[in-house]
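S.K.: So here's run-v8.txt, just compact mmCIF, C-alpha atoms:
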# COMPACT_ATOMS: atom_id res chain seq x y z
CA GLN A 1 80.84 65.79 110.01
CA LYS A 2 82.95 66.38 113.11
CA ASP A 3 82.12 64.93 116.50
CA LYS A 4 80.27 67.21 118.87
CA ASN A 5 83.45 68.36 120.62
CA ASN A 6 84.99 69.59 117.37
CA GLN A 7 83.04 72.50 115.96
CA ASN A 8 83.60 74.01 112.57
CA ILE A 9 84.05 77.72 111.96
CA MET A 10 84.35 78.95 108.46
CA SER A 11 84.63 82.50 107.70
CA SER A 12 79.90 83.83 109.94
CA LYS A 13 76.74 85.16 110.36
CA SER A 14 75.10 84.84 113.75
CA PRO A 15 71.39 85.43 114.08
CA LYS A 16 71.97 87.57 117.13
CA THR A 17 71.77 91.32 116.62
CA PRO A 18 72.54 93.04 119.90
CA THR A 19 70.84 96.39 120.47
CA THR A 20 72.95 98.31 122.96
CA SER A 21 71.90 101.02 125.34
CA ARG A 22 75.01 103.02 124.47
CA ARG A 23 74.10 102.92 120.80
CA GLN A 24 70.51 103.95 121.57
CA THR A 25 71.72 106.80 123.79
CA LYS A 26 74.06 108.06 121.08
CA ASN A 27 71.36 107.88 118.43
CA THR A 28 68.85 109.64 120.68
CA ARG A 29 71.35 112.40 121.39
CA ARG A 30 72.08 112.88 117.71
CA LYS A 31 68.38 112.78 116.96
CA SER A 32 67.66 115.62 119.38
CA GLN A 33 70.51 117.65 117.94
CA ASP A 34 69.38 117.16 114.35
CA LYS A 35 65.61 117.48 114.61
CA ALA A 36 65.19 119.82 111.70
CA LYS A 37 67.93 118.52 109.48
CA ASN A 38 65.60 117.21 106.80
CA THR A 39 65.67 120.79 105.46
CA SER A 40 68.47 123.17 104.51
CA VAL A 41 68.73 126.95 104.73
CA ASP A 42 69.84 128.91 101.67
CA LEU A 43 72.66 131.21 102.81
CA VAL A 44 71.73 133.84 100.21
CA THR A 45 67.95 134.03 100.56
CA GLY A 46 67.61 132.63 104.09
CA LYS A 47 64.79 130.38 102.91
CA THR A 48 64.32 126.86 104.22
CA ASN A 49 64.36 124.27 101.46
CA THR A 50 63.44 120.60 101.49
CA GLU A 51 66.35 118.36 100.47
CA TYR A 52 66.22 115.40 98.10
CA PHE A 53 68.63 112.63 97.15
CA PHE A 54 70.12 113.57 93.78
CA ASP A 55 69.54 110.89 91.13
CA PRO A 56 71.88 111.18 88.09
CA SER A 57 69.59 108.89 86.07
CA LEU A 58 67.07 111.77 85.92
CA LEU A 59 69.46 114.18 84.21
CA LEU A 60 68.39 115.70 80.92
CA SER A 61 70.27 114.70 77.76
CA SER A 62 73.86 115.83 77.24
CA LYS A 63 72.66 118.36 74.64
CA GLU A 64 70.54 120.05 77.30
CA ASN A 65 73.09 119.42 80.04
CA SER A 66 76.37 120.22 78.35
CA ALA A 67 78.77 121.44 81.06
CA ASN A 68 79.34 121.48 84.83
CA TYR A 69 79.26 124.83 86.58
CA SER A 70 79.15 125.71 90.27
CA ASN A 71 77.36 128.76 91.61
CA SER A 72 80.70 130.55 91.83
CA ALA A 73 81.15 130.11 88.10
CA LEU A 74 77.74 131.67 87.47
CA ARG A 75 78.49 134.60 89.73
CA LYS A 76 81.48 135.46 87.54
CA LYS A 77 78.92 136.16 84.79
CA LYS A 78 76.70 138.29 87.00
CA GLY A 79 74.63 140.66 84.93
CA SER A 80 74.98 138.59 81.78
CA ASN A 81 72.25 136.55 80.10
CA THR A 82 73.63 133.13 81.04
CA ASP A 83 72.43 130.22 78.91
CA LEU A 84 71.08 127.50 81.20
CA ASN A 85 72.18 124.92 78.61
CA SER A 86 75.68 125.42 80.00
CA ILE A 87 74.71 124.27 83.49
CA GLY A 88 75.21 120.70 84.72
CA SER A 89 76.03 117.64 82.66
CA THR A 90 76.85 113.99 82.96
CA ASP A 91 76.94 110.89 80.87
CA ASN A 92 73.94 108.81 81.92
CA ASN A 93 76.02 105.69 81.26
CA GLY A 94 78.07 106.62 84.32
CA VAL A 95 75.23 106.94 86.83
CA ALA A 96 76.68 104.46 89.33
CA SER A 97 80.03 106.27 89.41
CA HIS A 98 78.65 109.82 89.33
CA LYS A 99 80.43 111.97 91.93
CA HIS A 100 77.14 113.42 93.22
CA LEU A 101 75.20 110.15 93.28
CA LEU A 102 72.42 110.39 95.92
CA LEU A 103 73.92 113.44 97.62
CA PRO A 104 71.38 115.88 99.13
CA CYS A 105 70.15 118.56 96.73
CA THR A 106 67.49 121.28 96.67
CA ILE A 107 65.12 122.44 93.95
CA LEU A 108 65.93 125.95 92.66
CA LYS A 109 63.24 126.46 90.03
CA GLN A 110 60.96 124.83 87.52
CA LEU A 111 61.73 125.10 83.78
CA GLU A 112 59.70 125.06 80.61
CA ASP A 113 59.69 121.96 78.40
CA ASP A 114 62.68 123.35 76.45
CA GLY A 115 64.77 122.94 79.62
CA VAL A 116 66.03 126.53 79.29
CA THR A 117 63.31 129.06 80.06
CA THR A 118 62.17 129.55 83.63
CA LYS A 119 58.54 128.53 84.10
CA PRO A 120 56.15 131.37 85.02
CA ASN A 121 55.26 131.35 88.73
CA SER A 122 58.10 128.87 89.29
CA THR A 123 58.34 127.38 92.80
CA THR A 124 60.75 125.11 94.65
CA ASP A 125 58.18 122.33 94.79
CA PRO A 126 58.74 119.03 92.91
CA TYR A 127 57.62 119.33 89.31
CA ALA A 128 56.82 116.67 86.67
CA GLY A 129 59.00 118.40 84.11
CA PRO A 130 62.45 120.00 83.66
CA THR A 131 63.77 121.31 86.98
CA LEU A 132 66.97 123.06 88.06
CA VAL A 133 68.50 121.57 91.23
CA LYS A 134 71.53 122.42 93.34
CA ILE A 135 73.82 119.99 95.17
CA THR A 136 73.94 121.18 98.79
CA PHE A 137 77.50 119.96 99.32
CA ASP A 138 79.28 122.11 96.71
CA GLY A 139 76.63 124.14 94.90
CA THR A 140 76.86 122.32 91.57
CA LEU A 141 73.77 122.86 89.39
CA TYR A 142 71.98 120.21 87.35
CA LYS A 143 68.81 120.00 85.29
CA VAL A 144 66.63 116.94 85.83
CA ARG A 145 63.68 115.89 83.71
CA ASP A 146 61.23 115.17 86.55
CA SER A 147 61.91 116.31 90.11
CA THR A 148 58.84 114.48 91.46
CA GLN A 149 60.92 111.31 91.15
CA LEU A 150 63.56 112.62 93.56
CA VAL A 151 63.37 110.91 96.97
CA PRO A 152 63.21 113.44 99.84
CA LEU A 153 65.30 113.22 102.99
CA GLN A 154 62.44 112.60 105.36
CA THR A 155 63.79 112.32 108.90
CA PRO A 156 66.72 113.44 111.06
CA GLU A 157 68.04 109.85 110.92
CA ASP A 158 68.86 110.40 107.24
CA TYR A 159 71.55 112.85 108.41
CA MET A 160 72.90 110.96 111.39
CA GLY A 161 74.88 108.08 109.93
CA LEU A 162 73.30 105.43 112.15
CA GLU A 163 75.34 102.41 113.21
CA ASP A 164 72.63 100.05 111.96
CA VAL A 165 70.88 100.96 108.70
CA LEU A 166 67.86 98.85 109.71
CA HIS A 167 67.11 101.55 112.29
CA LEU A 168 66.41 104.04 109.51
CA PRO A 169 62.67 104.88 109.42
CA SER A 170 62.71 104.34 105.65
CA VAL A 171 65.35 101.99 104.24
CA THR A 172 65.93 102.83 100.57
CA ASN A 173 68.92 102.62 98.26
CA ALA A 174 69.37 106.35 98.72
CA SER A 175 69.16 106.45 102.54
CA LEU A 176 71.40 103.39 102.88
CA LEU A 177 74.11 104.74 100.58
CA HIS A 178 73.98 108.18 102.21
CA THR A 179 74.32 106.62 105.68
CA LEU A 180 77.39 104.68 104.56
CA ARG A 181 78.82 107.86 103.01
CA LEU A 182 78.33 109.89 106.20
CA ARG A 183 79.98 107.21 108.33
CA TYR A 184 82.88 106.83 105.92
CA TYR A 185 83.55 110.58 106.07
CA ARG A 186 83.70 110.21 109.88
CA LYS A 187 86.15 107.31 109.44
CA ASP A 188 83.52 104.85 110.69
CA ILE A 189 84.23 102.17 108.09
CA TYR A 190 81.92 99.53 109.61
CA THR A 191 78.12 99.67 109.55
CA CYS A 192 75.56 97.03 110.57
CA ALA A 193 72.58 95.87 108.56
CA GLY A 194 71.09 93.64 111.23
CA PRO A 195 73.46 90.65 111.62
CA ILE A 196 75.37 91.62 108.48
CA LEU A 197 78.45 93.86 108.69
CA ILE A 198 79.14 96.27 105.82
CA ALA A 199 82.80 97.29 105.52
CA ILE A 200 84.20 100.03 103.28
CA ASN A 201 87.93 99.75 102.60
CA PRO A 202 89.64 103.01 103.68
CA TYR A 203 92.94 102.06 102.00
CA GLU A 204 94.84 103.34 105.03
CA LEU A 205 95.76 102.22 108.54
CA MET A 206 92.90 103.03 110.88
CA VAL A 207 93.62 104.55 114.31
CA ASN A 208 91.44 106.36 116.83
CA ALA A 209 91.91 109.87 118.23
CA HIS A 210 94.52 108.52 120.66
CA GLY A 211 96.57 106.85 117.97
CA GLU A 212 95.42 103.35 118.96
CA SER A 213 94.93 100.81 116.19
CA LEU A 214 91.38 99.83 115.33
CA TYR A 215 92.54 96.20 115.71
CA SER A 216 94.66 96.41 118.87
CA ASP A 217 94.73 93.82 121.63
CA ASP A 218 92.67 96.10 123.86
CA LYS A 219 90.04 96.37 121.12
CA MET A 220 89.84 92.60 120.87
CA MET A 221 89.24 92.20 124.59
CA ALA A 222 86.64 94.99 124.58
CA TYR A 223 84.42 93.00 122.21
CA ARG A 224 84.69 89.65 123.98
CA GLY A 225 81.33 88.29 125.10
CA GLY A 226 79.62 91.61 124.48
CA ALA A 227 81.50 93.00 127.49
CA SER A 228 81.62 96.38 125.79
CA GLU A 229 78.63 97.97 124.09
CA SER A 230 80.84 98.81 121.17
CA GLU A 231 80.36 100.12 117.65
CA PRO A 232 80.14 97.85 114.57
CA HIS A 233 83.40 95.98 114.01
CA LEU A 234 84.83 92.78 112.57
CA PHE A 235 85.53 91.66 116.14
CA GLN A 236 81.81 91.97 116.91
CA VAL A 237 80.99 89.53 114.10
CA ALA A 238 83.73 87.14 115.19
CA ASP A 239 82.60 87.26 118.81
CA ARG A 240 78.97 86.52 117.94
CA ALA A 241 80.05 83.48 115.95
CA LEU A 242 82.40 82.26 118.70
CA THR A 243 79.81 82.77 121.44
CA SER A 244 77.15 80.89 119.45
CA LEU A 245 79.64 78.11 118.77
CA LEU A 246 80.69 77.58 122.37
CA GLU A 247 77.31 77.88 124.07
CA GLN A 248 75.56 74.62 124.88
CA PRO A 249 72.04 74.31 123.39
CA SER A 250 69.33 72.59 125.39
CA ASP A 251 69.49 69.52 123.14
CA GLY A 252 73.24 69.18 123.77
CA ALA A 253 74.13 69.40 120.06
CA ASN A 254 76.82 71.89 119.17
CA ARG A 255 76.09 74.37 116.39
CA ASN A 256 78.72 74.99 113.73
CA GLN A 257 79.04 78.65 112.72
CA SER A 258 80.01 80.28 109.43
CA ILE A 259 81.31 83.73 108.56
CA ILE A 260 80.84 84.62 104.90
CA ILE A 261 83.23 87.31 103.64
CA SER A 262 82.43 88.59 100.17
CA GLY A 263 83.11 91.65 98.03
CA GLU A 264 84.75 92.79 94.81
CA SER A 265 88.51 92.90 94.28
CA GLY A 266 90.11 95.37 96.65
CA ALA A 267 87.16 95.44 99.06
CA GLY A 268 89.31 94.11 101.92
CA LYS A 269 88.31 90.44 102.12
CA THR A 270 91.86 89.18 102.75
CA GLU A 271 92.50 91.67 105.55
CA ALA A 272 89.10 91.01 107.12
CA THR A 273 89.83 87.28 107.19
CA LYS A 274 93.17 87.87 108.92
CA TYR A 275 91.69 90.14 111.59
CA ILE A 276 88.91 87.66 112.37
CA MET A 277 91.41 84.82 112.70
CA GLN A 278 93.62 86.99 114.93
CA TYR A 279 90.63 87.69 117.15
CA LEU A 280 89.72 84.01 117.50
CA ALA A 281 93.33 83.10 118.29
CA ARG A 282 93.72 85.90 120.85
CA ILE A 283 90.44 85.30 122.67
CA THR A 284 90.88 81.55 122.96
CA GLN A 285 94.37 82.03 124.41
CA THR A 286 92.81 83.63 127.50
CA ALA A 287 91.05 80.34 128.25
CA LYS A 288 94.23 78.23 128.26
CA THR A 289 95.60 76.59 131.37
CA THR A 290 99.27 76.30 132.25
CA ASP A 291 99.34 72.57 131.52
CA ASP A 292 97.65 72.90 128.12
CA SER A 293 99.97 71.16 125.67
CA SER A 294 98.76 73.14 122.67
CA SER A 295 100.02 76.37 124.26
CA LYS A 296 103.56 75.01 124.54
CA GLY A 297 104.14 74.92 120.78
CA ILE A 298 105.83 72.22 118.74
CA LEU A 299 109.44 71.19 119.04
CA SER A 300 112.13 71.27 116.38
CA PRO A 301 114.50 68.28 116.00
CA ASP A 302 116.91 69.96 118.42
CA GLY A 303 114.20 70.38 121.02
CA LYS A 304 113.49 74.11 120.59
CA VAL A 305 109.95 75.42 120.83
CA LEU A 306 108.86 76.71 117.41
CA ALA A 307 105.29 77.97 117.62
CA SER A 308 102.00 77.56 119.40
CA LEU A 309 98.99 76.15 117.61
CA GLU A 310 97.43 79.62 117.32
CA GLU A 311 100.61 81.02 115.78
CA ARG A 312 100.70 78.21 113.25
CA VAL A 313 97.06 78.86 112.28
CA LEU A 314 97.76 82.58 111.80
CA SER A 315 100.97 81.86 109.86
CA SER A 316 99.00 80.03 107.19
CA ASN A 317 97.52 83.27 105.84
CA PRO A 318 100.74 85.12 104.89
CA LEU A 319 102.06 81.87 103.42
CA LEU A 320 99.02 81.45 101.19
CA GLU A 321 99.31 85.09 100.11
CA THR A 322 102.91 84.57 99.02
CA PHE A 323 102.02 81.75 96.63
CA GLY A 324 98.44 82.74 95.74
CA ASN A 325 98.23 86.55 95.74
CA ALA A 326 99.38 89.03 93.11
CA ARG A 327 99.28 92.70 92.22
CA THR A 328 96.39 93.60 89.92
CA LEU A 329 95.17 96.90 88.50
CA LYS A 330 92.69 97.19 91.39
CA ASN A 331 94.59 95.67 94.28
CA ASP A 332 98.26 95.28 95.25
CA ASN A 333 97.50 92.12 97.23
CA SER A 334 94.69 90.43 95.35
CA SER A 335 93.88 86.82 96.23
CA ARG A 336 93.78 84.88 92.98
CA PHE A 337 92.02 81.90 94.55
CA GLY A 338 89.14 81.11 96.86
CA LYS A 339 89.56 79.57 100.29
CA PHE A 340 87.39 77.74 102.74
CA ILE A 341 88.82 77.88 106.27
CA HIS A 342 87.83 75.46 109.02
CA ILE A 343 88.94 76.23 112.58
CA TYR A 344 88.24 73.42 115.03
CA PHE A 345 87.53 74.07 118.71
CA GLN A 346 87.48 71.77 121.72
CA ASN A 347 86.94 72.80 125.33
CA ASN A 348 86.80 76.49 124.28
CA LYS A 349 90.21 76.31 122.63
CA ILE A 350 91.48 76.07 119.08
CA ARG A 351 92.49 72.48 118.37
CA GLY A 352 93.32 72.67 114.67
CA ALA A 353 92.61 74.23 111.32
CA GLN A 354 92.12 73.16 107.73
CA ILE A 355 92.19 75.34 104.62
CA SER A 356 90.74 74.26 101.28
CA ASN A 357 91.86 76.26 98.26
CA TYR A 358 90.02 76.35 94.96
CA LEU A 359 89.85 78.16 91.61
CA LEU A 360 93.51 79.21 91.56
CA GLU A 361 94.17 81.52 88.62
CA GLN A 362 96.72 79.26 86.92
CA THR A 363 97.00 81.38 83.76
CA ARG A 364 98.68 84.15 85.77
CA VAL A 365 101.79 81.98 86.11
CA CYS A 366 102.56 82.30 82.40
CA HIS A 367 100.81 85.54 81.44
CA GLN A 368 99.84 88.88 83.02
CA ILE A 369 98.15 91.92 81.49
CA ASP A 370 99.89 95.31 81.43
CA GLY A 371 100.32 96.81 84.89
CA GLU A 372 99.89 93.53 86.78
CA ARG A 373 102.37 91.08 88.31
CA ASN A 374 102.81 87.38 88.68
CA TYR A 375 102.50 85.79 92.13
CA HIS A 376 104.38 87.46 94.99
CA VAL A 377 106.72 84.52 95.58
CA PHE A 378 108.73 85.16 92.40
CA TYR A 379 109.46 88.79 93.27
CA GLN A 380 110.33 87.87 96.85
CA LEU A 381 112.94 85.48 95.48
CA LEU A 382 114.38 88.07 93.09
CA SER A 383 114.59 90.64 95.89
CA GLN A 384 117.12 88.46 97.75
CA LYS A 385 119.69 88.13 94.93
CA LEU A 386 121.03 84.93 96.46
CA PRO A 387 123.89 83.43 94.36
CA GLU A 388 122.88 79.80 94.94
CA TRP A 389 119.76 80.26 92.83
CA LYS A 390 121.59 82.15 90.06
CA LEU A 391 118.65 84.49 89.49
CA THR A 392 118.99 87.62 87.37
CA GLU A 393 116.71 90.59 86.70
CA GLU A 394 112.94 90.24 86.44
CA LYS A 395 112.87 91.24 82.76
CA SER A 396 115.06 88.24 81.91
CA TYR A 397 112.20 85.84 82.65
CA HIS A 398 109.40 85.27 80.18
CA TYR A 399 106.86 84.45 82.90
CA LEU A 400 107.49 87.78 84.67
CA SER A 401 107.84 90.19 81.77
CA HIS A 402 104.28 90.37 80.39
CA GLY A 403 102.92 92.98 82.76
CA GLY A 404 105.55 95.61 82.01
CA SER A 405 107.92 96.98 84.63
CA ALA A 406 107.23 95.21 87.92
CA LEU A 407 110.58 95.20 89.72
CA PRO A 408 110.95 93.72 93.19
CA THR A 409 110.48 96.31 95.94
CA GLU A 410 111.59 96.80 99.53
CA LYS A 411 108.25 95.34 100.57
CA ASP A 412 109.12 92.16 98.66
CA LYS A 413 112.31 91.90 100.73
CA ASP A 414 110.38 92.26 103.98
CA ASP A 415 107.71 89.82 102.80
CA PHE A 416 110.39 87.22 101.98
CA HIS A 417 111.56 87.25 105.60
CA GLU A 418 107.95 87.03 106.83
CA THR A 419 107.33 84.04 104.56
CA THR A 420 110.47 82.37 105.89
CA GLN A 421 109.28 82.92 109.46
CA CYS A 422 105.86 81.45 108.61
CA LEU A 423 107.49 78.34 107.15
CA ALA A 424 109.53 77.98 110.33
CA ARG A 425 106.45 78.34 112.55
CA LEU A 426 104.76 75.61 110.58
CA GLY A 427 107.68 73.32 111.39
CA LEU A 428 109.80 73.36 108.20
CA THR A 429 113.52 73.12 108.84
CA THR A 430 116.05 75.33 107.05
CA ASP A 431 116.83 72.54 104.58
CA GLN A 432 113.14 72.01 103.85
CA GLN A 433 112.65 75.73 103.29
CA THR A 434 115.55 75.75 100.84
CA ILE A 435 113.84 73.00 98.87
CA VAL A 436 110.60 75.04 98.76
CA TRP A 437 112.39 78.16 97.52
CA GLY A 438 114.41 76.11 95.05
CA ILE A 439 111.26 74.67 93.47
CA ALA A 440 109.82 78.20 93.08
CA ALA A 441 113.11 79.50 91.66
CA ALA A 442 113.28 76.70 89.10
Represent the structure from my file as structure tokens, please.

M.R.:
Amino acid sequence: QKDKNNQNIMSSKSPKTPTTSRRQTKNTRRKSQDKAKNTSVDLVTGKTNTEYFFDPSLLLSSKENSANYSNSALRKKKGSNTDLNSIGSTDNNGVASHKHLLLPCTILKQLEDDGVTTKPNSTTDPYAGPTLVKITFDGTLYKVRDSTQLVPLQTPEDYMGLEDVLHLPSVTNASLLHTLRLRYYRKDIYTCAGPILIAINPYELMVNAHGESLYSDDKMMAYRGGASESEPHLFQVADRALTSLLEQPSDGANRNQSIIISGESGAGKTEATKYIMQYLARITQTAKTTDDSSSKGILSPDGKVLASLEERVLSSNPLLETFGNARTLKNDNSSRFGKFIHIYFQNNKIRGAQISNYLLEQTRVCHQIDGERNYHVFYQLLSQKLPEWKLTEEKSYHYLSHGGSALPTEKDKDDFHETTQCLARLGLTTDQQTIVWGIAAA
């Protein structure tokens, strides 16, 4: 337990959920534009059809659903007696990964129990029996066993991609997933669920229409203290935690804050952690005074300034990645350990940090499966080809040869120099760095 001037931030969830007028205005505008969007118009017949979220778990068996055909494929057979058994198929074991999972669809017609013959007096109403449906997005046809179980798109909000899914009139698995999908297609990778931020990894550098980074310095300042009624973002989460940490409660007791970052491999946890730490370091720098000793950095033995406290805190992340991250089948920079980060504040400024590591994947040092690599540090060393370490090719080393061909890359060369800079910022001299690299090389 720290004293009341030293608060503890671990990676946070603040109970505050700001509702902004800008967000409400945007949603109202979209709502008025999309009033009737809970229906679709068939371009051929001109009829208005109610849309439903397509549920792959309702598909008929593979025998009755044996192939995938779009409407264009059926039109090629115009005039022929097409067998409906050839329309739409999927393996029900792959429901979660189905390409049309919970996409909007419309009911075309009701079928007899054999799943082939069109039911007399067929309508486009939900039917507790075999039904032919069409995916609105691309026209793919499927047969489902009971269309009454399909969830309808009920309101314009289902089509809007709201910034906060809790503002949906009906929050269901289908409406939530569809909202995330709509936002992702618009390159809005962040969505709120109350105080929780949902992030979808785009696997690319994100910039706005003006070419500005989504994580630029201007963006950081725009989110400080709620100064800008901005869209969901990592900086919004970080700012809520920082604001709650620094405010003085009526009882005078400071409140520690925590940011929990979770997700499967490749979800973006490592990058999210770095951006949140960058935000905290940048924002607290604005509060520094000219005589603040922590802003002057530490001195090397020859009296040169090496790095400020904030720079040293941020340098810890790339350093941990070098020795604790590796390429896996899912992720080129997968953290093979857990970490618990404490950042201590005093007088609205960062005063120190502590990182606890746990559950390091030790077996990776001596064995990797096909297509994966050992820890980054070994490939960074090999990329330098320095004679003093007498290192040869990667395939010459038993510990590096299990995963197949994983030669050092240009990125490994660049990362080696970044790691060296991080060691220097943390105060290690050139001789001390040589010892570190020598231990890894041995």

S.K.: May I have the protein, DNA and RNA residues with any atom at most 12 Å from the point (65.0, 115.9, 95.7), counting only C-alpha atoms, written as a PyMOL selection string?

M.R.: chain A and resi 38-40+49-56+58+101-108+124-127+131-136+142-144+146-154+174

S.K.: Name the closest residue to Ile369 in chain A among the candidates A:Leu329, A:Leu205, A:Ile439, A:Ala281; distances are taken between atoms, counting all atoms listed in the file.

M.R.: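 Of the candidates, the smallest distance to Ile369 in chain A is held by A:Leu329.
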
S.K.: Up to 12 Å from (90.6, 102.5, 103.1) in the file's coordinates: name the residues, counting only C-alpha atoms, as a VMD selection string.

M.R.: chain A and resid 184 to 185 187 to 190 199 to 207 266 to 268 271 331

S.K.: Could you write those residues out with C-alpha atoms, as a short mmCIF file (atom, residue, chain, number, x, y, z; two decimals), in the frame of the given file?

M.R.:
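What follows is the written file again.cif:
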data_model
loop_
_atom_site.label_atom_id
_atom_site.label_comp_id
_atom_site.auth_asym_id
_atom_site.auth_seq_id
_atom_site.Cartn_x
_atom_site.Cartn_y
_atom_site.Cartn_z
CA TYR A 184 82.88 106.83 105.92
CA TYR A 185 83.55 110.58 106.07
CA LYS A 187 86.15 107.31 109.44
CA ASP A 188 83.52 104.85 110.69
CA ILE A 189 84.23 102.17 108.09
CA TYR A 190 81.92 99.53 109.61
CA ALA A 199 82.80 97.29 105.52
CA ILE A 200 84.20 100.03 103.28
CA ASN A 201 87.93 99.75 102.60
CA PRO A 202 89.64 103.01 103.68
CA TYR A 203 92.94 102.06 102.00
CA GLU A 204 94.84 103.34 105.03
CA LEU A 205 95.76 102.22 108.54
CA MET A 206 92.90 103.03 110.88
CA VAL A 207 93.62 104.55 114.31
CA GLY A 266 90.11 95.37 96.65
CA ALA A 267 87.16 95.44 99.06
CA GLY A 268 89.31 94.11 101.92
CA GLU A 271 92.50 91.67 105.55
CA ASN A 331 94.59 95.67 94.28
#

S.K.: Could you give me, as CSV, every range 309-391 of chain A residue with an atom at most 12 Å from range 396-408 of chain A, plus its closest atom pair and distance in Å to one decimal, counting all atoms listed in the file, rows ordered by chain then number?

M.R.:
residue,atom,partner,partner_atom,distance
A:Ala326,CA,A:Ala406,CA,11.3
A:Arg327,CA,A:Ala406,CA,9.4
A:Thr328,CA,A:Gly403,CA,9.7
A:Leu329,CA,A:Gly403,CA,10.4
A:Asp332,CA,A:Ala406,CA,11.6
A:Thr363,CA,A:Tyr399,CA,10.4
A:Arg364,CA,A:Tyr399,CA,8.7
A:Val365,CA,A:Tyr399,CA,6.5
A:Cys366,CA,A:Tyr399,CA,4.8
A:His367,CA,A:His402,CA,6.0
A:Gln368,CA,A:Gly403,CA,5.1
A:Ile369,CA,A:Gly403,CA,5.0
A:Asp370,CA,A:Gly403,CA,4.0
A:Gly371,CA,A:Gly403,CA,5.1
A:Glu372,CA,A:Gly403,CA,5.1
A:Arg373,CA,A:Gly403,CA,5.9
A:Asn374,CA,A:Leu400,CA,6.2
A:Tyr375,CA,A:Leu400,CA,9.2
A:His376,CA,A:Pro408,CA,9.3
A:Val377,CA,A:Pro408,CA,10.4
A:Phe378,CA,A:Leu400,CA,8.3
A:Tyr379,CA,A:Pro408,CA,5.2
A:Gln380,CA,A:Pro408,CA,6.9
A:Leu381,CA,A:Pro408,CA,8.8
A:Leu382,CA,A:Pro408,CA,6.6
A:Ser383,CA,A:Pro408,CA,5.5
A:Gln384,CA,A:Pro408,CA,9.3
A:Lys385,CA,A:Pro408,CA,10.5
A:Leu391,CA,A:Ser396,CA,9.2

S.K.: Determine, counting only C-alpha atoms, which protein, DNA and RNA residues have an atom within 7 Å of an atom of range 318-321 of chain A; residues of the same chain fewer than 2 positions away are not included. Present the result as a list of chain:residue names.

M.R.: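 In the requested form, the answer reads A:Ser315, A:Ser316, A:Phe323, A:Gly324, A:Asn325, A:Ser335, A:Thr419, A:Cys422.
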
S.K.: Between A:Ile283, A:Leu168, A:Val436, A:Met277, which residue has the minimum interatomic distance to Thr243 in chain A, considering all atoms listed in the file?

M.R.: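 Closest candidate: A:Ile283.
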